[in-house]
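Chemist: Structure file upload_26.txt (compact mmCIF, C-alpha atoms and all ligand atoms) is given on the next line.
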```txt
# COMPACT_ATOMS: atom_id res chain seq x y z
CA MET A 1 -5.30 35.46 -13.10
CA LYS A 2 -7.74 34.81 -10.29
CA ILE A 3 -8.59 31.32 -11.61
CA ALA A 4 -4.87 30.42 -11.71
CA ARG A 5 -4.55 31.49 -8.06
CA PHE A 6 -7.51 29.33 -7.03
CA LYS A 7 -6.17 26.38 -8.98
CA LYS A 8 -2.80 26.71 -7.30
CA ALA A 9 -4.40 26.87 -3.86
CA HIS A 10 -6.57 23.87 -4.68
CA LYS A 11 -3.51 21.92 -5.81
CA THR A 12 -1.67 22.77 -2.59
CA LEU A 13 -4.64 21.76 -0.44
CA ASN A 14 -4.95 18.52 -2.39
CA PHE A 15 -1.27 17.76 -1.77
CA PHE A 16 -1.72 18.14 1.98
CA ALA A 17 -5.05 16.31 2.00
CA THR A 18 -3.55 13.36 0.15
CA ASN A 19 -0.25 13.14 1.98
CA PHE A 20 -0.92 14.55 5.45
CA GLU A 21 -4.60 13.80 6.06
CA TYR A 22 -5.89 17.36 6.09
CA ARG A 23 -9.68 17.39 5.84
CA GLU A 24 -12.53 19.86 5.45
CA PRO A 25 -13.41 22.00 7.21
CA TYR A 26 -9.83 23.26 7.10
CA GLN A 27 -8.84 24.67 10.49
CA ILE A 28 -7.05 27.97 10.10
CA LEU A 29 -4.96 28.80 13.16
CA VAL A 30 -4.72 32.58 13.15
CA ASP A 31 -2.33 34.77 15.12
CA ALA A 32 -2.39 38.51 15.87
CA THR A 33 0.23 39.39 13.20
CA PHE A 34 -2.10 38.06 10.50
CA CYS A 35 -5.02 39.99 11.97
CA GLN A 36 -2.91 43.15 12.08
CA ILE A 37 -2.05 43.00 8.34
CA ALA A 38 -5.67 42.10 7.53
CA LEU A 39 -6.82 45.16 9.41
CA GLN A 40 -4.29 47.41 7.66
CA ASN A 41 -5.40 46.14 4.24
CA LYS A 42 -9.12 46.07 5.11
CA VAL A 43 -9.39 42.33 4.61
CA ILE A 44 -12.38 40.54 6.07
CA ILE A 45 -10.49 37.38 7.02
CA GLU A 46 -13.28 34.79 7.00
CA GLU A 47 -14.81 36.01 3.77
CA GLN A 48 -11.51 36.22 1.89
CA ILE A 49 -10.13 32.86 3.01
CA LYS A 50 -13.39 31.05 2.28
CA LYS A 51 -13.41 32.49 -1.21
CA TYR A 52 -9.75 31.62 -1.75
CA PHE A 53 -9.97 28.06 -0.42
CA GLN A 54 -13.34 27.35 -2.05
CA SER A 55 -13.84 24.92 0.81
CA THR A 56 -15.35 24.99 4.25
CA ILE A 57 -13.04 26.54 6.85
CA LYS A 58 -12.97 27.15 10.58
CA LEU A 59 -10.99 30.05 12.04
CA VAL A 60 -9.38 29.22 15.37
CA THR A 61 -6.80 30.63 17.74
CA THR A 62 -5.38 29.86 21.18
CA GLN A 63 -5.37 31.47 24.60
CA CYS A 64 -1.61 32.08 24.29
CA VAL A 65 -2.11 34.05 21.03
CA ILE A 66 -4.80 36.23 22.65
CA LEU A 67 -2.75 36.83 25.79
CA GLU A 68 0.34 37.84 23.82
CA ALA A 69 -1.69 40.25 21.66
CA GLU A 70 -3.28 41.76 24.74
CA SER A 71 0.13 42.19 26.38
CA LEU A 72 1.36 44.25 23.41
CA GLY A 73 -1.26 46.90 24.18
CA SER A 74 -2.71 49.61 22.01
CA PRO A 75 -0.63 49.10 18.79
CA LEU A 76 -2.32 45.72 18.45
CA ALA A 77 -5.71 46.63 19.95
CA GLY A 78 -7.59 46.21 16.67
CA ALA A 79 -5.87 42.90 15.87
CA THR A 80 -6.59 41.64 19.39
CA MET A 81 -10.28 42.40 18.93
CA ILE A 82 -10.34 40.41 15.68
CA VAL A 83 -8.41 37.41 16.98
CA LYS A 84 -10.67 37.18 20.02
CA LYS A 85 -13.65 36.48 17.75
CA PHE A 86 -12.27 33.13 16.62
CA HIS A 87 -12.82 29.77 18.27
CA VAL A 88 -10.29 29.23 21.06
CA HIS A 89 -8.75 25.80 20.84
CA LYS A 90 -7.22 24.31 23.95
CA CYS A 91 -3.43 24.37 23.65
CA GLY A 92 -2.36 22.81 26.94
CA HIS A 93 -0.73 26.00 28.19
CA GLU A 94 -3.70 27.12 30.25
CA GLY A 95 -2.38 28.58 33.49
CA ALA A 96 1.16 28.85 32.10
CA PRO A 97 0.97 30.69 28.76
CA VAL A 98 3.87 30.54 26.29
CA PRO A 99 4.80 32.89 23.39
CA ALA A 100 2.28 32.70 20.52
CA SER A 101 4.81 31.24 18.06
CA GLN A 102 5.82 28.48 20.49
CA CYS A 103 2.15 27.70 21.14
CA ILE A 104 1.35 27.51 17.42
CA LYS A 105 4.31 25.17 16.81
CA SER A 106 3.10 22.82 19.53
CA MET A 107 -0.47 22.95 18.16
CA THR A 108 0.69 21.87 14.69
CA LYS A 109 2.42 18.86 16.22
CA CYS A 110 -0.81 17.21 17.26
CA GLY A 111 -3.41 18.81 14.97
CA ARG A 112 -3.97 19.57 11.32
CA TYR A 113 -3.87 23.37 11.20
CA VAL A 114 -3.23 25.82 8.39
CA VAL A 115 -1.11 28.46 10.14
CA ALA A 116 -2.18 32.00 9.22
CA SER A 117 0.69 34.23 10.33
CA GLN A 118 2.96 37.04 9.15
CA ASP A 119 5.66 36.06 11.68
CA ARG A 120 8.74 35.35 9.54
CA SER A 121 10.66 33.33 12.14
CA LEU A 122 7.59 31.16 12.85
CA GLN A 123 7.12 30.58 9.11
CA ASN A 124 10.78 29.62 8.71
CA SER A 125 10.72 27.07 11.49
CA LEU A 126 7.42 25.57 10.25
CA ARG A 127 8.82 25.21 6.73
CA LYS A 128 11.41 22.82 8.12
CA VAL A 129 8.74 20.42 9.36
CA PRO A 130 7.01 18.18 6.82
CA GLY A 131 3.24 18.58 6.58
CA ARG A 132 2.86 22.17 7.75
CA ILE A 133 0.68 24.57 5.73
CA LEU A 134 1.34 28.29 5.73
CA LEU A 135 -1.08 31.06 4.85
CA TYR A 136 -0.12 34.72 4.73
CA LEU A 137 -1.35 37.98 3.31
CA HIS A 138 0.41 39.65 0.43
CA LYS A 139 -1.08 43.12 0.94
CA ALA A 140 -4.80 42.30 0.71
CA THR A 141 -4.34 38.95 -1.05
CA PRO A 142 -4.27 35.70 0.89
CA VAL A 143 -1.53 33.33 -0.31
CA LEU A 144 -1.37 29.66 0.51
CA GLU A 145 2.29 28.74 0.37
CA GLU A 146 3.29 25.86 -1.85
CA PRO A 147 4.49 22.73 -0.01
CA SER A 148 7.93 23.31 1.53
CA GLU A 149 11.00 21.32 0.48
CA ALA A 150 10.70 19.36 3.72
CA SER A 151 7.12 18.34 2.87
CA LYS A 152 8.03 17.42 -0.70
CA LYS A 153 11.06 15.38 0.39
CA TYR A 154 9.00 13.54 3.00
CA VAL A 155 6.32 12.64 0.45
CA SER A 156 8.79 11.50 -2.22
CA LYS A 157 10.61 9.34 0.35
CA LYS A 158 7.31 7.85 1.49
CA SER A 159 6.17 7.11 -2.04
CA HIS A 160 9.58 5.61 -2.91
CA LYS A 161 9.33 3.39 0.15
CA SER A 162 5.81 2.24 -0.67
CA LEU A 163 6.87 1.69 -4.29
CA THR A 164 9.85 -0.46 -3.33
CA SER A 165 7.85 -2.40 -0.76
CA GLY A 166 5.15 -2.87 -3.42
CA LEU A 167 7.78 -4.15 -5.84
CA GLU A 168 9.23 -6.48 -3.20
CA LYS A 169 5.78 -7.88 -2.52
CA HIS A 170 5.22 -8.37 -6.25
CA VAL A 171 8.53 -10.20 -6.65
CA GLU A 172 7.70 -12.41 -3.65
CA HIS A 173 4.32 -13.21 -5.18
CA LEU A 174 5.97 -14.10 -8.51
CA LYS A 175 8.43 -16.37 -6.68
CA GLN A 176 5.56 -18.18 -4.97
CA ILE A 177 3.81 -18.70 -8.31
CA GLN A 178 7.06 -20.01 -9.81
CA THR A 179 7.59 -22.56 -7.02
CA LEU A 180 3.99 -23.71 -7.33
CA GLN A 181 4.40 -24.16 -11.08
CA ASN A 182 7.68 -26.01 -10.57
CA GLU A 183 6.02 -28.37 -8.11
CA LYS A 184 3.17 -29.05 -10.52
CA LEU A 185 5.63 -29.67 -13.37
CA TYR A 186 7.71 -32.01 -11.18
CA ASN A 187 4.61 -33.98 -10.20
CA LYS A 188 3.57 -34.27 -13.86
CA ILE A 189 6.99 -35.56 -14.90
CA LYS A 190 6.93 -38.00 -12.01
CA GLN A 191 3.56 -39.31 -13.11
CA ARG A 192 4.71 -39.69 -16.73
CA LYS A 193 7.89 -41.64 -15.79
CA GLY A 194 6.00 -44.08 -13.63
CA PRO A 195 4.27 -47.16 -15.15
CA LYS A 196 1.08 -46.34 -16.94
CA ASN A 197 -0.28 -49.86 -16.54
CA PRO A 198 0.37 -51.99 -13.52
CA ASN A 199 3.54 -54.07 -13.75
CA PRO A 200 2.39 -57.55 -14.63
CA LEU A 201 5.26 -59.09 -12.70
CA SER A 202 4.36 -57.29 -9.55
CA CYS A 203 0.68 -58.01 -9.91
CA LYS A 204 -0.88 -60.71 -7.89
CA LYS A 205 -2.53 -63.38 -9.93
CA SER A 206 -6.22 -63.75 -9.59
CA ALA A 207 -7.63 -66.95 -8.16
CA LYS A 208 -8.97 -67.98 -11.59
CA GLN A 209 -5.61 -67.43 -13.28
CA LYS A 210 -3.88 -69.39 -10.53
CA ALA A 211 -6.30 -72.28 -10.96
CA ARG A 212 -6.09 -72.30 -14.76
CA LYS A 213 -2.39 -72.04 -15.35
CA PRO A 214 -1.11 -75.24 -13.65
CA ASN A 215 -3.78 -77.25 -15.45
CA SER A 216 -2.86 -75.88 -18.81
CA ASP A 217 0.84 -76.48 -18.04
CA ILE A 218 0.05 -80.06 -17.08
CA SER A 219 -1.92 -80.63 -20.24
CA LYS A 220 0.91 -79.21 -22.32
CA GLU A 221 3.41 -81.43 -20.57
CA SER A 222 1.30 -84.52 -20.97
CA LYS A 223 0.81 -83.74 -24.67
CA LEU A 224 4.54 -83.42 -25.09
CA ARG A 225 5.08 -86.71 -23.33
CA GLU A 226 2.51 -88.43 -25.52
CA THR A 227 4.04 -87.15 -28.75
CA SER A 228 7.51 -88.18 -27.65
CA LYS A 229 6.15 -91.64 -26.73
CA GLN A 230 4.53 -91.94 -30.15
CA HIS A 231 7.75 -90.87 -31.77
CA MET A 232 9.73 -93.47 -29.84
CA GLN A 233 7.24 -96.14 -30.79
CA LYS A 234 7.48 -95.15 -34.47
CA GLN A 235 11.25 -95.33 -34.32
CA LYS A 236 11.07 -98.76 -32.74
CA ARG A 237 8.73 -100.00 -35.43
CA LYS A 238 11.05 -98.66 -38.12
CA ARG A 239 13.98 -100.45 -36.57
CA ILE A 240 12.04 -103.70 -36.36
CA LYS A 241 11.02 -103.39 -40.00
CA THR A 242 14.53 -102.68 -41.18
CA SER A 243 15.97 -105.53 -39.16
ZN ZN B 1 -0.78 27.84 24.17
```
Would you give me this structure, written as structure tokens?
Ligand SMILES: [Zn+2]
Modeler:
Amino acid sequence: MKIARFKKAHKTLNFFATNFEYREPYQILVDATFCQIALQNKVIIEEQIKKYFQSTIKLVTTQCVILEAESLGSPLAGATMIVKKFHVHKCGHEGAPVPASQCIKSMTKCGRYVVASQDRSLQNSLRKVPGRILLYLHKATPVLEEPSEASKKYVSKKSHKSLTSGLEKHVEHLKQIQTLQNEKLYNKIKQRKGPKNPNPLSCKKSAKQKARKPNSDISKESKLRETSKQHMQKQKRKRIKTS
């Protein structure tokens, strides 16, 4: 049973570490309501949370939380003593303190805090904001609340966006490859269609060829003339003989 609880807490912490950049040591922002329940159930806060988280933690609070607890007087005297032992983080309300719940909400806007509180209305408003972690005591047992619907929705939207943008990039890359291949193919076809050997008609004749050809043509012509002369002479002779 205990192992299942630890596993669940580990899973929740992993979710927030992966999606909302929570890192060790986890900063636990504690208010007086949490300290009050811890006192009633004889819970040693630091010891129990460390054991439950199985990670390094740092317990912190704010001046506003301490001032509010002090203002409530004797019913919260024990809780005030406990909360005063934690590190006091600057909240920006120094000189003009605000209600503890308001202070905690503003702290979670700029920092990564696990909010340890038994304040129902504070829990409800934090559940509506993605990336907020809630810790509370169920009697003497610390419980790390599973990611709220707001956190889950935010993460699934983000992952969907990154998935679609990843797909778009992939498609764009494929298109680029296709155009490159088409260009290569076009160039190949172009090369094949063109003359493999230089066009003899368009080629310039070399000096040797130029010099040889007229001579050979002349010799051919003169040979033709000679044979036709001989032929004419033969014909003449024949005629003379017959006459
Ligand atoms: Zn404050």
Chemist: In Å, with one decimal, what is the gap from atom CA of A:Ile104 to atom CA of A:Lys139?
Modeler: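 Computing it gives 22.8 Å between the two atoms.
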Chemist: Mind dumping a table of every chain A residue within 7 Å of ligand ZN 1 (chain B), with the nearest atom pair and its distance in Å to one decimal, using only C-alpha atoms and all ligand atoms, sorted by chain and rising number, as CSV?
Modeler:
```
residue,atom,partner,partner_atom,distance
A:Thr62,CA,B:ZN1,ZN,5.8
A:Gln63,CA,B:ZN1,ZN,5.9
A:Cys64,CA,B:ZN1,ZN,4.3
A:Cys91,CA,B:ZN1,ZN,4.4
A:Gly92,CA,B:ZN1,ZN,6.0
A:His93,CA,B:ZN1,ZN,4.4
A:Glu94,CA,B:ZN1,ZN,6.8
A:Pro97,CA,B:ZN1,ZN,5.7
A:Val98,CA,B:ZN1,ZN,5.8
A:Ala100,CA,B:ZN1,ZN,6.8
A:Cys103,CA,B:ZN1,ZN,4.2
```
Chemist: For stretch 107-112 of chain A, take all atoms listed in the file, fit an axis-aligned box around them, add 3 Å to each of the six sides, then output centre and edge lengths in Å rounded to one decimal, as AutoDock Vina command-line options.
Modeler:
```
--center_x -0.8 --center_y 20.1 --center_z 14.7 --size_x 12.4 --size_y 11.7 --size_z 12.8
```
Chemist: Distance atom CA of A:Phe6-atom CA of A:Glu146, one decimal place?
Modeler: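 Value for the atom CA of A:Phe6-atom CA of A:Glu146 distance: 12.5 Å.
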Chemist: Just want the 9 Å neighbourhood of A:Leu13, counted on all atoms listed in the file, with same-chain residues fewer than 6 positions away dropped. Output as a ChimeraX atom specification.
Modeler: /A:22,53,133,144
Chemist: Could you jot down the atom CA of A:Asn14 to atom CA of A:Pro130 separation for me, Å, one decimal place?
Modeler: 15.1 Å
Chemist: Pull the neighbourhood of (-3.7, 31.0, -6.9) for me: all residues within 12 Å in file coordinates, counting only C-alpha atoms, as a list in words.
Modeler: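 All residues meeting the 12 Å criterion around (-3.7, 31.0, -6.9) are Met1, Lys2, Ile3, Ala4, Arg5, Phe6, Lys7, Lys8, Ala9, His10, Lys11, Thr12, Leu13, Ile49, Lys51, Tyr52, Phe53, Gln54, Thr141, Pro142, Val143, Leu144, Glu145 and Glu146 of chain A.
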Chemist: Please provide the set of residues having any atom within 12 Å of A:Ala77, restricted to all atoms listed in the file, with same-chain residues fewer than 2 positions apart removed, written as a list in words.
Modeler: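 Surrounding residues, per the criterion: Ala32, Thr33, Cys35, Gln36, Leu39, Ile66, Leu67, Glu68, Ala69, Glu70, Ser71, Leu72, Gly73, Ser74, Pro75, Ala79, Thr80, Met81, Ile82, Val83 and Lys84 of chain A.
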Chemist: I'd like the neighbourhood of stretch 115-123 of chain A as a PyMOL selection string, where a residue qualifies if any of its atoms comes within 7 Å (using only C-alpha atoms), though same-chain residues fewer than 4 positions away should be ignored.
Modeler: chain A and resi 28-31+33-34+101+127+133-136
Chemist: Which one is closest to A:Leu76: A:Ile37, A:Ala96, A:Thr56, A:Gln48? Count all atoms listed in the file.
Modeler: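 Going through A:Ile37, A:Ala96, A:Thr56, A:Gln48 one by one, the smallest distance to A:Leu76 is for A:Ile37.
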